[in-house]
file input.cif (mmCIF, C-alpha atoms)
data_model
loop_
_atom_site.group_PDB
_atom_site.id
_atom_site.type_symbol
_atom_site.label_atom_id
_atom_site.label_comp_id
_atom_site.auth_asym_id
_atom_site.auth_seq_id
_atom_site.Cartn_x
_atom_site.Cartn_y
_atom_site.Cartn_z
ATOM 1 C CA MET Q 30 -9.266 11.302 -128.121
ATOM 2 C CA THR Q 31 -9.658 14.706 -126.517
ATOM 3 C CA ALA Q 32 -8.837 15.311 -122.886
ATOM 4 C CA THR Q 33 -11.785 16.124 -120.636
ATOM 5 C CA ALA Q 34 -11.369 19.479 -118.973
ATOM 6 C CA VAL Q 35 -11.361 19.261 -115.199
ATOM 7 C CA PRO Q 36 -13.226 22.192 -113.623
ATOM 8 C CA ALA Q 37 -11.021 24.303 -111.436
ATOM 9 C CA ALA Q 38 -11.715 23.937 -107.753
ATOM 10 C CA GLU Q 39 -13.401 26.950 -106.202
ATOM 11 C CA PRO Q 40 -11.100 28.838 -103.866
ATOM 12 C CA ARG Q 41 -11.738 27.983 -100.241
ATOM 13 C CA ILE Q 42 -13.228 30.894 -98.339
ATOM 14 C CA SER Q 43 -11.526 31.455 -94.996
ATOM 15 C CA ILE Q 44 -13.154 33.177 -92.048
ATOM 16 C CA TRP Q 45 -9.849 33.665 -90.231
ATOM 17 C CA PRO Q 46 -8.698 37.014 -91.693
ATOM 18 C CA GLY Q 47 -11.957 38.648 -90.634
ATOM 19 C CA VAL Q 48 -12.153 36.869 -87.275
ATOM 20 C CA SER Q 49 -8.553 37.835 -86.528
ATOM 21 C CA LEU Q 50 -9.267 41.492 -87.313
ATOM 22 C CA VAL Q 51 -12.362 41.409 -85.104
ATOM 23 C CA ALA Q 52 -10.423 39.719 -82.283
ATOM 24 C CA ALA Q 53 -7.713 42.400 -82.462
ATOM 25 C CA ILE Q 54 -10.338 45.141 -82.155
ATOM 26 C CA VAL Q 55 -11.975 43.410 -79.180
ATOM 27 C CA ALA Q 56 -8.581 43.040 -77.470
ATOM 28 C CA ALA Q 57 -8.020 46.768 -77.982
ATOM 29 C CA ALA Q 58 -11.496 47.527 -76.603
ATOM 30 C CA PHE Q 59 -10.766 45.676 -73.372
ATOM 31 C CA ALA Q 60 -7.293 47.208 -73.137
ATOM 32 C CA VAL Q 61 -8.375 50.866 -73.422
ATOM 33 C CA ARG Q 62 -10.805 50.457 -70.517
ATOM 34 C CA ILE Q 63 -7.875 50.963 -68.149
ATOM 35 C CA LEU Q 64 -7.733 54.607 -69.244
ATOM 36 C CA PRO Q 65 -9.296 57.205 -66.909
ATOM 37 C CA GLY Q 66 -12.934 57.877 -67.734
ATOM 38 C CA VAL Q 67 -13.190 54.984 -70.194
ATOM 39 C CA SER Q 68 -13.943 52.202 -67.693
ATOM 40 C CA MET Q 69 -17.550 53.439 -67.378
ATOM 41 C CA PHE Q 70 -18.200 52.251 -70.935
ATOM 42 C CA SER Q 71 -18.911 48.648 -71.801
ATOM 43 C CA PRO Q 72 -16.306 46.926 -74.010
ATOM 44 C CA LEU Q 73 -19.212 46.283 -76.397
ATOM 45 C CA ILE Q 74 -19.600 50.003 -76.989
ATOM 46 C CA ILE Q 75 -15.851 50.564 -77.322
ATOM 47 C CA ALA Q 76 -15.577 47.668 -79.796
ATOM 48 C CA ILE Q 77 -18.151 49.081 -82.201
ATOM 49 C CA VAL Q 78 -16.591 52.554 -81.983
ATOM 50 C CA ILE Q 79 -13.142 51.173 -82.863
ATOM 51 C CA GLY Q 80 -14.670 49.127 -85.682
ATOM 52 C CA VAL Q 81 -16.386 52.194 -87.143
ATOM 53 C CA VAL Q 82 -13.177 54.223 -86.922
ATOM 54 C CA VAL Q 83 -11.106 51.498 -88.614
ATOM 55 C CA ARG Q 84 -13.641 51.018 -91.413
ATOM 56 C CA ASN Q 85 -14.035 54.705 -92.174
ATOM 57 C CA THR Q 86 -10.337 55.533 -91.852
ATOM 58 C CA TYR Q 87 -8.586 52.596 -93.506
ATOM 59 C CA GLY Q 88 -11.383 50.785 -95.345
ATOM 60 C CA LEU Q 89 -12.287 47.123 -95.150
ATOM 61 C CA PRO Q 90 -10.108 44.355 -96.640
ATOM 62 C CA ALA Q 91 -12.164 42.185 -99.005
ATOM 63 C CA GLY Q 92 -10.769 39.017 -97.426
ATOM 64 C CA ALA Q 93 -12.225 40.004 -94.064
ATOM 65 C CA VAL Q 94 -15.874 39.826 -95.152
ATOM 66 C CA PRO Q 95 -16.501 36.080 -94.494
ATOM 67 C CA GLY Q 96 -15.064 36.389 -90.984
ATOM 68 C CA LEU Q 97 -17.232 39.414 -90.245
ATOM 69 C CA ALA Q 98 -20.332 37.502 -91.319
ATOM 70 C CA PHE Q 99 -19.314 34.594 -89.055
ATOM 71 C CA SER Q 100 -18.810 36.952 -86.103
ATOM 72 C CA LEU Q 101 -22.149 38.670 -86.691
ATOM 73 C CA ARG Q 102 -24.170 35.490 -86.991
ATOM 74 C CA ARG Q 103 -22.531 32.658 -85.066
ATOM 75 C CA LEU Q 104 -20.482 34.379 -82.360
ATOM 76 C CA LEU Q 105 -23.032 37.073 -81.591
ATOM 77 C CA ARG Q 106 -25.867 34.585 -81.129
ATOM 78 C CA ALA Q 107 -23.621 32.336 -79.045
ATOM 79 C CA GLY Q 108 -23.025 35.346 -76.782
ATOM 80 C CA ILE Q 109 -26.756 35.893 -76.329
ATOM 81 C CA VAL Q 110 -27.134 32.219 -75.368
ATOM 82 C CA THR Q 111 -24.322 32.324 -72.770
ATOM 83 C CA LEU Q 112 -25.830 35.513 -71.334
ATOM 84 C CA GLY Q 113 -28.534 33.269 -69.890
ATOM 85 C CA LEU Q 114 -26.033 31.641 -67.505
ATOM 86 C CA GLN Q 115 -25.788 34.910 -65.584
ATOM 87 C CA LEU Q 116 -29.484 34.882 -64.642
ATOM 88 C CA THR Q 117 -31.597 32.705 -62.372
ATOM 89 C CA LEU Q 118 -35.288 32.545 -61.585
ATOM 90 C CA GLY Q 119 -34.344 33.135 -57.952
ATOM 91 C CA GLN Q 120 -32.919 36.540 -58.855
ATOM 92 C CA VAL Q 121 -36.138 37.441 -60.631
ATOM 93 C CA LEU Q 122 -38.251 36.414 -57.634
ATOM 94 C CA SER Q 123 -36.038 38.345 -55.202
ATOM 95 C CA VAL Q 124 -37.182 41.606 -56.807
ATOM 96 C CA GLY Q 125 -40.623 41.066 -55.298
ATOM 97 C CA GLY Q 126 -44.097 41.481 -56.730
ATOM 98 C CA MET Q 127 -44.124 45.286 -56.893
ATOM 99 C CA GLY Q 128 -40.572 45.406 -58.219
ATOM 100 C CA LEU Q 129 -41.348 42.893 -60.939
ATOM 101 C CA ALA Q 130 -44.546 44.776 -61.835
ATOM 102 C CA THR Q 131 -42.536 48.007 -62.138
ATOM 103 C CA ILE Q 132 -39.998 46.366 -64.439
ATOM 104 C CA LEU Q 133 -42.663 44.680 -66.586
ATOM 105 C CA ILE Q 134 -44.834 47.763 -66.979
ATOM 106 C CA GLY Q 135 -41.857 50.018 -67.630
ATOM 107 C CA LEU Q 136 -40.383 47.661 -70.207
ATOM 108 C CA PHE Q 137 -43.463 46.900 -72.290
ATOM 109 C CA ALA Q 138 -44.933 50.413 -71.991
ATOM 110 C CA THR Q 139 -41.637 51.868 -73.213
ATOM 111 C CA TYR Q 140 -41.355 49.405 -76.083
ATOM 112 C CA PHE Q 141 -44.815 50.084 -77.485
ATOM 113 C CA PHE Q 142 -44.659 53.823 -76.749
ATOM 114 C CA THR Q 143 -41.381 54.027 -78.699
ATOM 115 C CA LEU Q 144 -42.915 52.190 -81.653
ATOM 116 C CA ALA Q 145 -45.755 54.729 -81.712
ATOM 117 C CA ALA Q 146 -43.392 57.686 -81.237
ATOM 118 C CA GLY Q 147 -41.140 56.442 -84.039
ATOM 119 C CA HIS Q 148 -44.110 56.284 -86.395
ATOM 120 C CA TRP Q 149 -45.141 59.805 -85.394
ATOM 121 C CA LEU Q 150 -41.579 61.128 -85.884
ATOM 122 C CA GLY Q 151 -41.255 59.415 -89.256
ATOM 123 C CA VAL Q 152 -38.378 57.127 -88.226
ATOM 124 C CA GLU Q 153 -37.971 53.893 -90.222
ATOM 125 C CA ALA Q 154 -39.811 50.958 -88.638
ATOM 126 C CA GLY Q 155 -36.703 48.762 -88.347
ATOM 127 C CA LEU Q 156 -34.603 51.453 -86.675
ATOM 128 C CA THR Q 157 -37.518 52.288 -84.384
ATOM 129 C CA ARG Q 158 -37.712 48.651 -83.221
ATOM 130 C CA LEU Q 159 -33.988 48.607 -82.459
ATOM 131 C CA ILE Q 160 -34.170 51.817 -80.405
ATOM 132 C CA ALA Q 161 -37.305 50.561 -78.641
ATOM 133 C CA THR Q 162 -35.645 47.279 -77.679
ATOM 134 C CA GLY Q 163 -32.342 48.821 -76.616
ATOM 135 C CA THR Q 164 -34.072 51.431 -74.450
ATOM 136 C CA SER Q 165 -36.620 49.133 -72.855
ATOM 137 C CA ILE Q 166 -34.292 46.226 -72.017
ATOM 138 C CA CYS Q 167 -30.500 46.305 -71.973
ATOM 139 C CA GLY Q 168 -28.840 48.612 -74.448
ATOM 140 C CA ALA Q 169 -26.425 47.181 -77.005
ATOM 141 C CA SER Q 170 -27.101 43.511 -76.166
ATOM 142 C CA ALA Q 171 -30.822 43.960 -76.754
ATOM 143 C CA VAL Q 172 -30.219 45.848 -79.992
ATOM 144 C CA LEU Q 173 -28.104 42.943 -81.228
ATOM 145 C CA ALA Q 174 -30.753 40.401 -80.257
ATOM 146 C CA ALA Q 175 -33.472 42.430 -81.961
ATOM 147 C CA ASN Q 176 -31.376 42.742 -85.086
ATOM 148 C CA ALA Q 177 -30.913 38.982 -85.215
ATOM 149 C CA VAL Q 178 -34.679 38.873 -85.766
ATOM 150 C CA GLY Q 179 -35.287 41.945 -87.920
ATOM 151 C CA ARG Q 180 -31.982 41.975 -89.858
ATOM 152 C CA GLU Q 181 -31.749 45.724 -90.280
ATOM 153 C CA SER Q 182 -28.784 47.522 -91.858
ATOM 154 C CA ASP Q 183 -25.499 47.912 -89.983
ATOM 155 C CA GLU Q 184 -26.052 51.668 -90.000
ATOM 156 C CA ASP Q 185 -29.412 51.220 -88.244
ATOM 157 C CA VAL Q 186 -27.802 49.029 -85.596
ATOM 158 C CA ALA Q 187 -24.928 51.474 -85.086
ATOM 159 C CA TYR Q 188 -27.363 54.392 -84.775
ATOM 160 C CA ALA Q 189 -29.527 52.532 -82.246
ATOM 161 C CA ILE Q 190 -26.488 51.593 -80.156
ATOM 162 C CA ALA Q 191 -25.218 55.185 -80.296
ATOM 163 C CA SER Q 192 -28.606 56.377 -79.080
ATOM 164 C CA VAL Q 193 -28.870 54.054 -76.086
ATOM 165 C CA THR Q 194 -25.227 54.707 -75.204
ATOM 166 C CA ILE Q 195 -25.610 58.494 -75.203
ATOM 167 C CA PHE Q 196 -28.804 58.588 -73.173
ATOM 168 C CA GLY Q 197 -27.793 55.724 -70.887
ATOM 169 C CA THR Q 198 -24.588 57.589 -70.070
ATOM 170 C CA LEU Q 199 -26.524 60.778 -69.340
ATOM 171 C CA ALA Q 200 -28.851 58.798 -67.062
ATOM 172 C CA MET Q 201 -25.839 57.323 -65.258
ATOM 173 C CA VAL Q 202 -24.719 60.885 -64.408
ATOM 174 C CA LEU Q 203 -28.125 62.467 -63.693
ATOM 175 C CA TYR Q 204 -29.877 59.708 -61.714
ATOM 176 C CA PRO Q 205 -27.731 60.158 -58.567
ATOM 177 C CA VAL Q 206 -28.660 63.856 -58.562
ATOM 178 C CA VAL Q 207 -32.397 63.297 -59.025
ATOM 179 C CA GLY Q 208 -32.516 60.333 -56.637
ATOM 180 C CA GLN Q 209 -30.722 61.894 -53.663
ATOM 181 C CA SER Q 210 -33.822 61.813 -51.437
ATOM 182 C CA MET Q 211 -34.857 58.254 -52.416
ATOM 183 C CA SER Q 212 -34.261 55.210 -50.221
ATOM 184 C CA ALA Q 213 -31.506 52.826 -51.338
ATOM 185 C CA HIS Q 214 -34.122 50.213 -52.289
ATOM 186 C CA ASN Q 215 -36.238 52.601 -54.359
ATOM 187 C CA TYR Q 216 -33.252 54.236 -56.027
ATOM 188 C CA GLY Q 217 -31.740 50.867 -56.940
ATOM 189 C CA LEU Q 218 -35.035 49.624 -58.372
ATOM 190 C CA TRP Q 219 -35.502 52.812 -60.392
ATOM 191 C CA ALA Q 220 -31.972 52.673 -61.824
ATOM 192 C CA GLY Q 221 -32.186 48.967 -62.645
ATOM 193 C CA ALA Q 222 -35.638 49.290 -64.204
ATOM 194 C CA SER Q 223 -34.776 52.159 -66.536
ATOM 195 C CA ILE Q 224 -31.068 52.730 -67.306
ATOM 196 C CA HIS Q 225 -29.922 50.991 -70.487
ATOM 197 C CA GLU Q 226 -26.569 49.172 -70.093
ATOM 198 C CA VAL Q 227 -25.667 46.891 -67.170
ATOM 199 C CA ALA Q 228 -22.385 48.783 -66.656
ATOM 200 C CA GLN Q 229 -24.285 52.086 -66.547
ATOM 201 C CA VAL Q 230 -26.713 50.674 -63.968
ATOM 202 C CA VAL Q 231 -23.885 49.504 -61.717
ATOM 203 C CA ALA Q 232 -22.133 52.875 -61.975
ATOM 204 C CA ALA Q 233 -25.324 54.801 -61.176
ATOM 205 C CA GLY Q 234 -26.264 52.403 -58.380
ATOM 206 C CA ALA Q 235 -22.853 52.788 -56.747
ATOM 207 C CA GLN Q 236 -23.650 56.451 -56.083
ATOM 208 C CA GLY Q 237 -26.450 55.299 -53.768
ATOM 209 C CA GLY Q 238 -24.291 52.928 -51.738
ATOM 210 C CA PRO Q 239 -23.812 49.121 -51.592
ATOM 211 C CA GLU Q 240 -27.506 48.324 -50.981
ATOM 212 C CA ALA Q 241 -28.613 50.436 -53.930
ATOM 213 C CA THR Q 242 -25.940 48.866 -56.139
ATOM 214 C CA ALA Q 243 -26.997 45.329 -55.242
ATOM 215 C CA PHE Q 244 -30.690 45.974 -55.837
ATOM 216 C CA ALA Q 245 -30.057 47.934 -59.031
ATOM 217 C CA THR Q 246 -28.039 45.020 -60.423
ATOM 218 C CA ILE Q 247 -30.703 42.447 -59.527
ATOM 219 C CA ALA Q 248 -33.447 44.614 -61.042
ATOM 220 C CA LYS Q 249 -31.395 45.079 -64.180
ATOM 221 C CA LEU Q 250 -30.697 41.361 -64.586
ATOM 222 C CA THR Q 251 -34.403 40.680 -64.147
ATOM 223 C CA ARG Q 252 -35.036 43.127 -66.967
ATOM 224 C CA VAL Q 253 -32.450 41.328 -69.101
ATOM 225 C CA ALA Q 254 -34.309 38.055 -68.506
ATOM 226 C CA LEU Q 255 -37.337 39.613 -70.206
ATOM 227 C CA LEU Q 256 -35.307 39.875 -73.397
ATOM 228 C CA ALA Q 257 -36.487 36.401 -74.393
ATOM 229 C CA PRO Q 258 -40.282 36.990 -74.372
ATOM 230 C CA LEU Q 259 -39.929 40.387 -76.047
ATOM 231 C CA ILE Q 260 -37.786 38.993 -78.857
ATOM 232 C CA LEU Q 261 -40.295 36.163 -79.383
ATOM 233 C CA ILE Q 262 -43.111 38.727 -79.611
ATOM 234 C CA MET Q 263 -41.045 40.761 -82.035
ATOM 235 C CA ALA Q 264 -40.273 37.694 -84.152
ATOM 236 C CA ARG Q 265 -43.966 36.958 -84.494
ATOM 237 C CA HIS Q 266 -44.744 40.560 -85.424
ATOM 238 C CA VAL Q 267 -41.871 40.997 -87.887
ATOM 239 C CA GLY Q 268 -42.312 37.473 -89.180
ATOM 240 C CA SER Q 269 -45.818 38.332 -90.327
ATOM 241 C CA SER Q 270 -44.185 40.288 -93.132
ATOM 242 C CA GLY Q 271 -42.203 37.215 -94.153
ATOM 243 C CA ARG Q 272 -38.824 38.623 -93.101
ATOM 244 C CA ALA Q 273 -37.854 36.965 -89.841
ATOM 245 C CA PRO Q 274 -37.022 33.328 -89.079
ATOM 246 C CA PHE Q 275 -37.764 31.881 -85.659
ATOM 247 C CA PRO Q 276 -35.075 33.121 -83.237
ATOM 248 C CA TRP Q 277 -33.709 29.788 -82.016
ATOM 249 C CA PHE Q 278 -30.957 31.519 -80.064
ATOM 250 C CA VAL Q 279 -33.653 32.799 -77.668
ATOM 251 C CA ILE Q 280 -34.532 29.183 -76.847
ATOM 252 C CA GLY Q 281 -30.866 28.654 -76.014
ATOM 253 C CA PHE Q 282 -30.970 31.758 -73.794
ATOM 254 C CA ILE Q 283 -34.026 30.429 -71.924
ATOM 255 C CA ALA Q 284 -32.392 27.009 -71.565
ATOM 256 C CA MET Q 285 -29.291 28.581 -70.013
ATOM 257 C CA VAL Q 286 -31.418 30.551 -67.535
ATOM 258 C CA GLY Q 287 -33.160 27.298 -66.597
ATOM 259 C CA LEU Q 288 -29.838 25.504 -66.226
ATOM 260 C CA ALA Q 289 -28.383 28.258 -64.041
ATOM 261 C CA SER Q 290 -31.533 28.175 -61.884
ATOM 262 C CA THR Q 291 -31.044 24.503 -60.986
ATOM 263 C CA GLY Q 292 -28.037 25.297 -58.806
ATOM 264 C CA TYR Q 293 -25.984 22.537 -60.408
ATOM 265 C CA VAL Q 294 -23.836 24.812 -62.556
ATOM 266 C CA PRO Q 295 -20.362 25.098 -60.956
ATOM 267 C CA GLU Q 296 -19.553 28.567 -59.681
ATOM 268 C CA PHE Q 297 -16.456 28.842 -61.855
ATOM 269 C CA VAL Q 298 -18.602 28.220 -64.954
ATOM 270 C CA THR Q 299 -21.029 30.965 -63.951
ATOM 271 C CA LYS Q 300 -18.181 33.398 -63.304
ATOM 272 C CA ALA Q 301 -16.440 32.511 -66.567
ATOM 273 C CA SER Q 302 -19.642 32.982 -68.568
ATOM 274 C CA GLY Q 303 -19.583 36.745 -67.886
ATOM 275 C CA PRO Q 304 -16.283 37.544 -69.640
ATOM 276 C CA ILE Q 305 -16.977 34.960 -72.366
ATOM 277 C CA THR Q 306 -20.343 36.572 -73.095
ATOM 278 C CA GLN Q 307 -18.782 40.018 -73.270
ATOM 279 C CA VAL Q 308 -16.095 38.820 -75.683
ATOM 280 C CA LEU Q 309 -18.602 37.086 -77.972
ATOM 281 C CA LEU Q 310 -20.964 40.067 -78.071
ATOM 282 C CA ALA Q 311 -18.053 42.483 -78.507
ATOM 283 C CA MET Q 312 -16.847 40.476 -81.519
ATOM 284 C CA GLY Q 313 -20.284 40.792 -83.078
ATOM 285 C CA LEU Q 314 -20.297 44.526 -82.455
ATOM 286 C CA ALA Q 315 -16.749 44.996 -83.745
ATOM 287 C CA ALA Q 316 -17.768 43.212 -86.953
ATOM 288 C CA MET Q 317 -20.800 45.450 -87.206
ATOM 289 C CA GLY Q 318 -18.657 48.546 -86.759
ATOM 290 C CA LEU Q 319 -16.328 47.363 -89.510
ATOM 291 C CA GLN Q 320 -19.282 47.275 -91.898
ATOM 292 C CA THR Q 321 -20.748 50.649 -90.903
ATOM 293 C CA ASP Q 322 -20.466 53.566 -93.319
ATOM 294 C CA VAL Q 323 -20.491 56.849 -91.364
ATOM 295 C CA GLY Q 324 -21.773 58.721 -94.421
ATOM 296 C CA ARG Q 325 -24.886 56.572 -94.530
ATOM 297 C CA LEU Q 326 -25.227 56.861 -90.757
ATOM 298 C CA ARG Q 327 -25.116 60.674 -90.930
ATOM 299 C CA ALA Q 328 -27.717 60.679 -93.681
ATOM 300 C CA LYS Q 329 -30.349 59.360 -91.248
ATOM 301 C CA GLY Q 330 -30.534 62.767 -89.580
ATOM 302 C CA VAL Q 331 -31.534 63.671 -86.032
ATOM 303 C CA ARG Q 332 -35.027 62.199 -85.862
ATOM 304 C CA PRO Q 333 -33.865 58.773 -84.622
ATOM 305 C CA LEU Q 334 -31.765 60.543 -81.976
ATOM 306 C CA ALA Q 335 -34.835 62.517 -80.905
ATOM 307 C CA LEU Q 336 -36.700 59.212 -80.660
ATOM 308 C CA GLY Q 337 -33.982 57.824 -78.387
ATOM 309 C CA LEU Q 338 -34.287 60.880 -76.133
ATOM 310 C CA VAL Q 339 -38.083 60.655 -75.942
ATOM 311 C CA ALA Q 340 -37.925 56.906 -75.210
ATOM 312 C CA SER Q 341 -35.311 57.382 -72.478
ATOM 313 C CA LEU Q 342 -37.327 60.136 -70.805
ATOM 314 C CA PHE Q 343 -40.445 57.969 -71.005
ATOM 315 C CA ILE Q 344 -38.933 54.921 -69.282
ATOM 316 C CA ALA Q 345 -37.288 57.122 -66.636
ATOM 317 C CA GLY Q 346 -40.585 58.890 -65.900
ATOM 318 C CA VAL Q 347 -42.837 55.833 -65.904
ATOM 319 C CA THR Q 348 -40.591 53.745 -63.652
ATOM 320 C CA PHE Q 349 -40.014 56.684 -61.270
ATOM 321 C CA VAL Q 350 -43.776 57.144 -60.833
ATOM 322 C CA LEU Q 351 -44.266 53.398 -60.311
ATOM 323 C CA VAL Q 352 -41.450 53.106 -57.758
ATOM 324 C CA MET Q 353 -42.532 56.125 -55.751
ATOM 325 C CA GLY Q 354 -46.184 55.167 -55.992
ATOM 326 C CA ALA Q 355 -45.477 51.657 -54.688
ATOM 327 C CA SER Q 356 -43.536 53.082 -51.717
ATOM 328 C CA LEU Q 357 -46.720 54.801 -50.501
ATOM 329 C CA PHE Q 358 -48.448 51.470 -49.882
#
call {"tool": "encode", "arguments": {"input": "input.cif", "output": "structure tokens"}}
result
Amino acid sequence: MTATAVPAAEPRISIWPGVSLVAAIVAAAFAVRILPGVSMFSPLIIAIVIGVVVRNTYGLPAGAVPGLAFSLRRLLRAGIVTLGLQLTLGQVLSVGGMGLATILIGLFATYFFTLAAGHWLGVEAGLTRLIATGTSICGASAVLAANAVGRESDEDVAYAIASVTIFGTLAMVLYPVVGQSMSAHNYGLWAGASIHEVAQVVAAGAQGGPEATAFATIAKLTRVALLAPLILIMARHVGSSGRAPFPWFVIGFIAMVGLASTGYVPEFVTKASGPITQVLLAMGLAAMGLQTDVGRLRAKGVRPLALGLVASLFIAGVTFVLVMGASLF
């Protein structure tokens, strides 16, 4: 009688080495924000920068890969869902009819203009969509949400985030200069309707005083709320090529907005959702940075950066005209 060979058990794949590495990078990202001049940047941006530096300086441990995939898929989408707890329908309505019209027109005009400009400049369609979404809505968070639908390369995502970070930071510095003669209401609406990152909007709004800061923040959060319909439109468009699954995380985002709008969510939960969302999104971005090859990023050239500039100028110009035009009536 011969013994029957027992197949060796497959080694268990652990996500913890990768998740631990990502968590360490996120902790460092939050820690360095205490340095002078760094606090103006979102921890999301700092996390991806640290991730890129680590990957391209020390390499990526093979055992970290499963944890990076978990952070990119599960944790990142969970962060987009919890983002919904920071928004209410009441905030959207408080912007007013003309304010909401300005935000809507600016957002969708910028998105479709950027798609057309990207085609004209010869930028890859996937990278163009990421830049269009990040510029028209909310910077890095929107790029991540768009990528969850389109599934572009890590280099495309890193390039798009670099673009919206550079031009959003420039806007944060230049808007207070251009908007000196504007009323606090108009300046806040303009900043919230066109600057990319929430942190950049708050910083720019602060230069116009407390009223401008408050209105800029509300306008910006209203713009963030429009992430859901735009991603659903994008999913339908990209899905026609057979690439994109239905973005269920957007349904979770909408559900959280609805829940927050009921008024039954305890205040401590709403407050806690902000830092939790930032940590979850930062972990996704850190993982993305760890998988980004700078050589491949550099090979994309300057055309995508030119697209980011054109898109940023477009949304700034369109929303400025709309805000100033509305103030005449």
call {"tool": "resolve_selection", "arguments": {"input": "input.cif", "expression": "the PyMOL selection byres ((chain Q and resi 332) around 10)", "output": "list in words"}}
result
Gly147, Leu150, Gly151, Val152, Glu153, Lys329, Gly330, Val331, Pro333, Leu334, Ala335, Leu336, Gly337 and Leu338 of chain Q
call {"tool": "atom_distance", "arguments": {"input": "input.cif", "atom1": "atom CA of Ala235 of chain Q", "atom2": "atom CA of Val350 of chain Q"}}
result
21.8 Å
call {"tool": "residues_around", "arguments": {"input": "input.cif", "residues": "Ala200 of chain Q", "least_positions_apart": "4", "cutoff": "7 Å", "atoms": "only C-alpha atoms", "output": "JSON list (two decimals) with C-alpha atoms, in the frame of the given file"}}
result
[["chain", "number", "residue", "atom", "x", "y", "z"],
["Q", 196, "PHE", "CA", -28.80, 58.59, -73.17],
["Q", 204, "TYR", "CA", -29.88, 59.71, -61.71],
["Q", 224, "ILE", "CA", -31.07, 52.73, -67.31]]
call {"tool": "closest_atom_pairs", "arguments": {"input": "input.cif", "of": "segment 276-342 of chain Q", "to": "segment 44-65 of chain Q", "cutoff": "9 Å", "atoms": "all atoms listed in the file", "output": "Markdown table"}}
result
| residue | atom | partner | partner_atom | distance |
| --- | --- | --- | --- | --- |
| Q:Val308 | CA | Q:Val55 | CA | 7.1 |
| Q:Ala311 | CA | Q:Val55 | CA | 6.2 |
| Q:Met312 | CA | Q:Val51 | CA | 5.8 |
| Q:Gly313 | CA | Q:Val51 | CA | 8.2 |
| Q:Leu314 | CA | Q:Val51 | CA | 8.9 |
| Q:Ala315 | CA | Q:Val51 | CA | 5.8 |
| Q:Ala316 | CA | Q:Val51 | CA | 6.0 |
| Q:Leu319 | CA | Q:Val51 | CA | 8.4 |
call {"tool": "resolve_selection", "arguments": {"input": "input.cif", "expression": "the PyMOL selection byres ((chain Q and resi 128-140) around 9)", "output": "ChimeraX atom specification"}}
result
/Q:121-127,141-145,158,160-162,164-166,218-219,221-223,248-249,251-252,255,259,340-341,343-345,347-348,351-352,355
call {"tool": "resolve_selection", "arguments": {"input": "input.cif", "expression": "the PyMOL selection byres ((chain Q and resi 89) around 12)", "output": "short mmCIF file (atom, residue, chain, number, x, y, z; two decimals) with C-alpha atoms, keeping the file's coordinate frame"}}
result
data_model
loop_
_atom_site.label_atom_id
_atom_site.label_comp_id
_atom_site.auth_asym_id
_atom_site.auth_seq_id
_atom_site.Cartn_x
_atom_site.Cartn_y
_atom_site.Cartn_z
CA PRO Q 46 -8.70 37.01 -91.69
CA GLY Q 47 -11.96 38.65 -90.63
CA LEU Q 50 -9.27 41.49 -87.31
CA VAL Q 51 -12.36 41.41 -85.10
CA GLY Q 80 -14.67 49.13 -85.68
CA VAL Q 81 -16.39 52.19 -87.14
CA VAL Q 82 -13.18 54.22 -86.92
CA VAL Q 83 -11.11 51.50 -88.61
CA ARG Q 84 -13.64 51.02 -91.41
CA ASN Q 85 -14.04 54.70 -92.17
CA THR Q 86 -10.34 55.53 -91.85
CA TYR Q 87 -8.59 52.60 -93.51
CA GLY Q 88 -11.38 50.78 -95.34
CA PRO Q 90 -10.11 44.36 -96.64
CA ALA Q 91 -12.16 42.18 -99.00
CA GLY Q 92 -10.77 39.02 -97.43
CA ALA Q 93 -12.22 40.00 -94.06
CA VAL Q 94 -15.87 39.83 -95.15
CA PRO Q 95 -16.50 36.08 -94.49
CA GLY Q 96 -15.06 36.39 -90.98
CA LEU Q 97 -17.23 39.41 -90.24
CA ALA Q 316 -17.77 43.21 -86.95
CA MET Q 317 -20.80 45.45 -87.21
CA GLY Q 318 -18.66 48.55 -86.76
CA LEU Q 319 -16.33 47.36 -89.51
CA GLN Q 320 -19.28 47.28 -91.90
CA THR Q 321 -20.75 50.65 -90.90
CA ASP Q 322 -20.47 53.57 -93.32
#
call {"tool": "residues_around", "arguments": {"input": "input.cif", "residues": "Ala175 of chain Q", "least_positions_apart": "5", "cutoff": "12 Å", "atoms": "all atoms listed in the file", "output": "VMD selection string"}}
result
chain Q and resid 105 to 106 109 155 to 170 180 to 181 185 to 186 189 to 190 256 to 264 266 to 267 273 275 to 276 278 to 279
call {"tool": "atom_distance", "arguments": {"input": "input.cif", "atom1": "atom CA of Ala232 of chain Q", "atom2": "atom CA of Met69 of chain Q"}}
result
7.1 Å
call {"tool": "closest_residue", "arguments": {"input": "input.cif", "among": "Q:Leu288, Q:Leu309, Q:Ala254, Q:Ala107", "to": "Pro72 of chain Q", "atoms": "only C-alpha atoms"}}
result
Q:Leu309
call {"tool": "axis_aligned_box", "arguments": {"input": "input.cif", "around": "segment 199-214 of chain Q", "padding_each_side": "5 Å", "output": "JSON"}}
result
{"center_x": -29.8, "center_y": 57.0, "center_z": -59.8, "size_x": 20.1, "size_y": 23.6, "size_z": 29.1}
call {"tool": "atom_distance", "arguments": {"input": "input.cif", "atom1": "atom CA of Gly66 of chain Q", "atom2": "atom CA of Ile195 of chain Q"}}
result
14.7 Å
call {"tool": "residues_near_point", "arguments": {"input": "input.cif", "point": "(-28.2, 52.1, -58.3)", "cutoff": "7 Å", "atoms": "only C-alpha atoms", "output": "list of chain:residue names"}}
result
Q:Tyr216, Q:Gly217, Q:Ala220, Q:Gly221, Q:Val230, Q:Val231, Q:Ala233, Q:Gly234, Q:Ala235, Q:Gln236, Q:Gly237, Q:Ala241, Q:Thr242, Q:Ala245
